[in-house]
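Student: Just so it is clear, I am handing over start.txt, which has compact mmCIF, C-alpha atoms.
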```txt
# COMPACT_ATOMS: atom_id res chain seq x y z
CA MET A 29 -96.65 -102.70 -185.40
CA SER A 30 -96.73 -100.30 -182.47
CA ARG A 31 -98.03 -96.78 -183.02
CA SER A 32 -98.20 -94.04 -180.41
CA GLU A 33 -99.98 -90.74 -180.87
CA ARG A 34 -100.55 -87.84 -178.48
CA ILE A 35 -103.78 -85.86 -178.11
CA GLU A 36 -103.70 -82.51 -176.28
CA ALA A 37 -106.96 -80.75 -175.49
CA GLU A 38 -108.89 -79.18 -172.63
CA LYS A 39 -111.34 -82.10 -172.60
CA ILE A 40 -110.80 -85.62 -173.94
CA ARG A 41 -113.31 -88.48 -174.11
CA CYS A 42 -112.09 -92.09 -174.15
CA VAL A 43 -114.08 -95.20 -174.98
CA GLY A 44 -112.83 -98.72 -174.34
CA ARG A 45 -113.61 -102.04 -172.74
CA TRP A 46 -111.26 -101.68 -169.77
CA VAL A 47 -110.22 -98.60 -167.70
CA SER A 48 -107.40 -98.75 -165.18
CA LYS A 49 -107.54 -97.42 -161.64
CA PRO A 50 -106.64 -93.67 -161.58
CA ARG A 51 -103.20 -92.89 -160.19
CA LEU A 52 -101.55 -89.61 -159.18
CA VAL A 53 -98.42 -88.61 -161.12
CA GLN A 54 -96.06 -85.65 -160.82
CA TRP A 55 -96.65 -83.11 -163.55
CA THR A 56 -94.91 -79.72 -163.59
CA ALA A 57 -93.25 -78.35 -160.43
CA ARG A 58 -95.70 -78.93 -157.54
CA HIS A 59 -98.68 -79.79 -159.71
CA ARG A 60 -100.09 -83.29 -159.78
CA ALA A 61 -102.14 -84.97 -162.46
CA MET A 62 -104.15 -88.18 -162.76
CA GLU A 63 -103.27 -90.94 -165.19
CA ILE A 64 -105.51 -93.74 -166.46
CA PHE A 65 -105.14 -96.31 -169.21
CA VAL A 66 -108.01 -97.25 -171.52
CA GLU A 67 -107.85 -100.51 -173.45
CA GLY A 68 -110.16 -101.93 -176.07
CA ARG A 69 -110.37 -103.38 -179.52
CA PRO A 70 -110.08 -100.58 -180.49
CA ALA A 71 -109.75 -98.02 -177.69
CA VAL A 72 -110.83 -94.60 -179.00
CA ALA A 73 -109.98 -91.10 -177.75
CA GLU A 74 -111.29 -87.85 -179.16
CA ALA A 75 -110.81 -84.19 -178.29
CA ILE A 76 -114.13 -82.72 -177.14
CA ARG A 77 -112.80 -79.21 -176.51
CA GLU A 78 -109.63 -78.09 -178.28
CA TRP A 79 -106.76 -76.49 -176.38
CA ARG A 80 -106.84 -72.71 -176.59
CA VAL A 81 -104.44 -70.04 -175.40
CA LEU A 82 -105.97 -66.98 -173.78
CA LYS A 83 -104.54 -63.64 -174.90
CA LYS A 84 -103.36 -61.14 -172.30
CA GLN A 85 -105.09 -57.80 -172.50
```
Have the structure of the file written as structure tokens, please.
Tutor:
Amino acid sequence: MSRSERIEAEKIRCVGRWVSKPRLVQWTARHRAMEIFVEGRPAVAEAIREWRVLKKQ
């Protein structure tokens, strides 16, 4: 059974046995992001710092 979940946060920590080589990917408009894959039995990811929206003053 395949299960896919998404974690969004300012800071994410991943633990696994194997980490892929980082690669640049297109994100929004002209921005670029880095993508890596973490594998393990199990591979674990946790949000260290939750995503927050700053209020305009």
Student: Do you have the CA of Arg77 (chain A)-CA of Arg34 (chain A) distance handy?
Tutor: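 The value is 15.1 Å.
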Student: Calculate how many Å separate CA of Arg80 (chain A) from CA of Arg58 (chain A), rounding to one decimal.
Tutor: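 Between these atoms lies a distance of 22.9 Å.
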Student: Please provide as JSON, numbers by chain all residues within 8 Å of region 44-56 of chain A, with the sequence filter that same-chain residues fewer than 4 positions apart are discarded (counting all atoms listed in the file).
Tutor: {"A": [60, 61, 62, 63, 64, 65, 66, 67, 68, 69, 70, 71, 72]}
Student: Please measure the separation of CA of Leu82 (chain A) and CA of Ile40 (chain A), giving the value in Å to one decimal.
Tutor: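 These two atoms are separated by 19.3 Å.
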Student: Give me the residues near Glu74 (chain A) as a PyMOL selection string, where near means some atom within 10 Å (using only C-alpha atoms) and where sequence neighbours in that chain fewer than 6 positions away do not count.
Tutor: chain A and resi 35-37+39-43
Student: Just add N, CA and C atoms to region 35-71 of chain A and send it as a short mmCIF file (atom, residue, chain, number, x, y, z; two decimals), in the frame of the given file.
Tutor:
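Dumped to part.cif:
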```cif
data_model
loop_
_atom_site.label_atom_id
_atom_site.label_comp_id
_atom_site.auth_asym_id
_atom_site.auth_seq_id
_atom_site.Cartn_x
_atom_site.Cartn_y
_atom_site.Cartn_z
N ILE A 35 -102.66 -86.78 -177.94
CA ILE A 35 -103.78 -85.86 -178.11
C ILE A 35 -103.70 -84.86 -176.97
N GLU A 36 -103.69 -83.56 -177.30
CA GLU A 36 -103.70 -82.51 -176.28
C GLU A 36 -104.94 -81.66 -176.49
N ALA A 37 -105.74 -81.54 -175.43
CA ALA A 37 -106.96 -80.75 -175.49
C ALA A 37 -107.38 -80.42 -174.07
N GLU A 38 -108.36 -79.51 -173.95
CA GLU A 38 -108.89 -79.18 -172.63
C GLU A 38 -109.76 -80.32 -172.10
N LYS A 39 -110.45 -81.02 -173.01
CA LYS A 39 -111.34 -82.10 -172.60
C LYS A 39 -111.21 -83.24 -173.61
N ILE A 40 -110.97 -84.45 -173.09
CA ILE A 40 -110.80 -85.62 -173.94
C ILE A 40 -111.75 -86.71 -173.48
N ARG A 41 -112.40 -87.37 -174.42
CA ARG A 41 -113.31 -88.48 -174.11
C ARG A 41 -112.67 -89.77 -174.62
N CYS A 42 -112.66 -90.79 -173.77
CA CYS A 42 -112.09 -92.09 -174.15
C CYS A 42 -113.16 -93.16 -174.04
N VAL A 43 -113.14 -94.09 -174.99
CA VAL A 43 -114.08 -95.20 -174.98
C VAL A 43 -113.27 -96.48 -175.13
N GLY A 44 -113.52 -97.44 -174.26
CA GLY A 44 -112.83 -98.72 -174.34
C GLY A 44 -113.53 -99.75 -173.49
N ARG A 45 -113.00 -100.96 -173.50
CA ARG A 45 -113.61 -102.04 -172.74
C ARG A 45 -113.06 -102.12 -171.33
N TRP A 46 -111.88 -101.57 -171.08
CA TRP A 46 -111.26 -101.68 -169.77
C TRP A 46 -110.60 -100.36 -169.41
N VAL A 47 -110.83 -99.84 -168.19
CA VAL A 47 -110.22 -98.60 -167.70
C VAL A 47 -109.47 -98.92 -166.42
N SER A 48 -108.21 -98.47 -166.36
CA SER A 48 -107.40 -98.75 -165.18
C SER A 48 -107.81 -97.87 -164.00
N LYS A 49 -107.32 -98.21 -162.85
CA LYS A 49 -107.54 -97.42 -161.64
C LYS A 49 -106.76 -96.10 -161.78
N PRO A 50 -107.37 -94.95 -161.47
CA PRO A 50 -106.64 -93.67 -161.58
C PRO A 50 -105.46 -93.63 -160.62
N ARG A 51 -104.36 -93.02 -161.07
CA ARG A 51 -103.20 -92.89 -160.19
C ARG A 51 -102.62 -91.49 -160.32
N LEU A 52 -102.14 -90.95 -159.20
CA LEU A 52 -101.55 -89.61 -159.18
C LEU A 52 -100.12 -89.67 -159.71
N VAL A 53 -99.78 -88.71 -160.57
CA VAL A 53 -98.42 -88.61 -161.12
C VAL A 53 -97.93 -87.18 -160.96
N GLN A 54 -96.63 -87.00 -160.88
CA GLN A 54 -96.06 -85.65 -160.82
C GLN A 54 -96.15 -85.03 -162.20
N TRP A 55 -96.53 -83.79 -162.28
CA TRP A 55 -96.65 -83.11 -163.55
C TRP A 55 -95.57 -82.03 -163.58
N THR A 56 -95.91 -80.78 -163.57
CA THR A 56 -94.91 -79.72 -163.59
C THR A 56 -94.78 -79.13 -162.19
N ALA A 57 -93.56 -78.94 -161.74
CA ALA A 57 -93.25 -78.35 -160.43
C ALA A 57 -94.05 -79.06 -159.34
N ARG A 58 -94.93 -78.34 -158.64
CA ARG A 58 -95.70 -78.93 -157.54
C ARG A 58 -97.05 -79.47 -157.97
N HIS A 59 -97.38 -79.36 -159.24
CA HIS A 59 -98.68 -79.79 -159.71
C HIS A 59 -98.72 -81.31 -159.86
N ARG A 60 -99.88 -81.87 -159.60
CA ARG A 60 -100.09 -83.29 -159.78
C ARG A 60 -101.18 -83.51 -160.81
N ALA A 61 -101.13 -84.63 -161.46
CA ALA A 61 -102.14 -84.97 -162.46
C ALA A 61 -102.58 -86.41 -162.21
N MET A 62 -103.67 -86.80 -162.85
CA MET A 62 -104.15 -88.18 -162.76
C MET A 62 -103.90 -88.88 -164.08
N GLU A 63 -103.57 -90.15 -164.00
CA GLU A 63 -103.27 -90.94 -165.19
C GLU A 63 -104.14 -92.19 -165.17
N ILE A 64 -104.77 -92.49 -166.31
CA ILE A 64 -105.51 -93.74 -166.46
C ILE A 64 -105.16 -94.33 -167.82
N PHE A 65 -105.34 -95.62 -167.94
CA PHE A 65 -105.14 -96.31 -169.21
C PHE A 65 -106.47 -96.88 -169.65
N VAL A 66 -106.78 -96.72 -170.94
CA VAL A 66 -108.01 -97.25 -171.52
C VAL A 66 -107.61 -98.27 -172.58
N GLU A 67 -108.15 -99.47 -172.47
CA GLU A 67 -107.85 -100.51 -173.45
C GLU A 67 -109.13 -100.98 -174.12
N GLY A 68 -109.02 -101.42 -175.34
CA GLY A 68 -110.16 -101.93 -176.07
C GLY A 68 -109.73 -102.43 -177.43
N ARG A 69 -110.67 -102.91 -178.16
CA ARG A 69 -110.37 -103.38 -179.52
C ARG A 69 -111.35 -102.73 -180.47
N PRO A 70 -111.15 -101.50 -180.86
CA PRO A 70 -110.08 -100.58 -180.49
C PRO A 70 -110.49 -99.68 -179.33
N ALA A 71 -109.50 -99.08 -178.67
CA ALA A 71 -109.75 -98.02 -177.69
C ALA A 71 -109.73 -96.71 -178.48
#
```
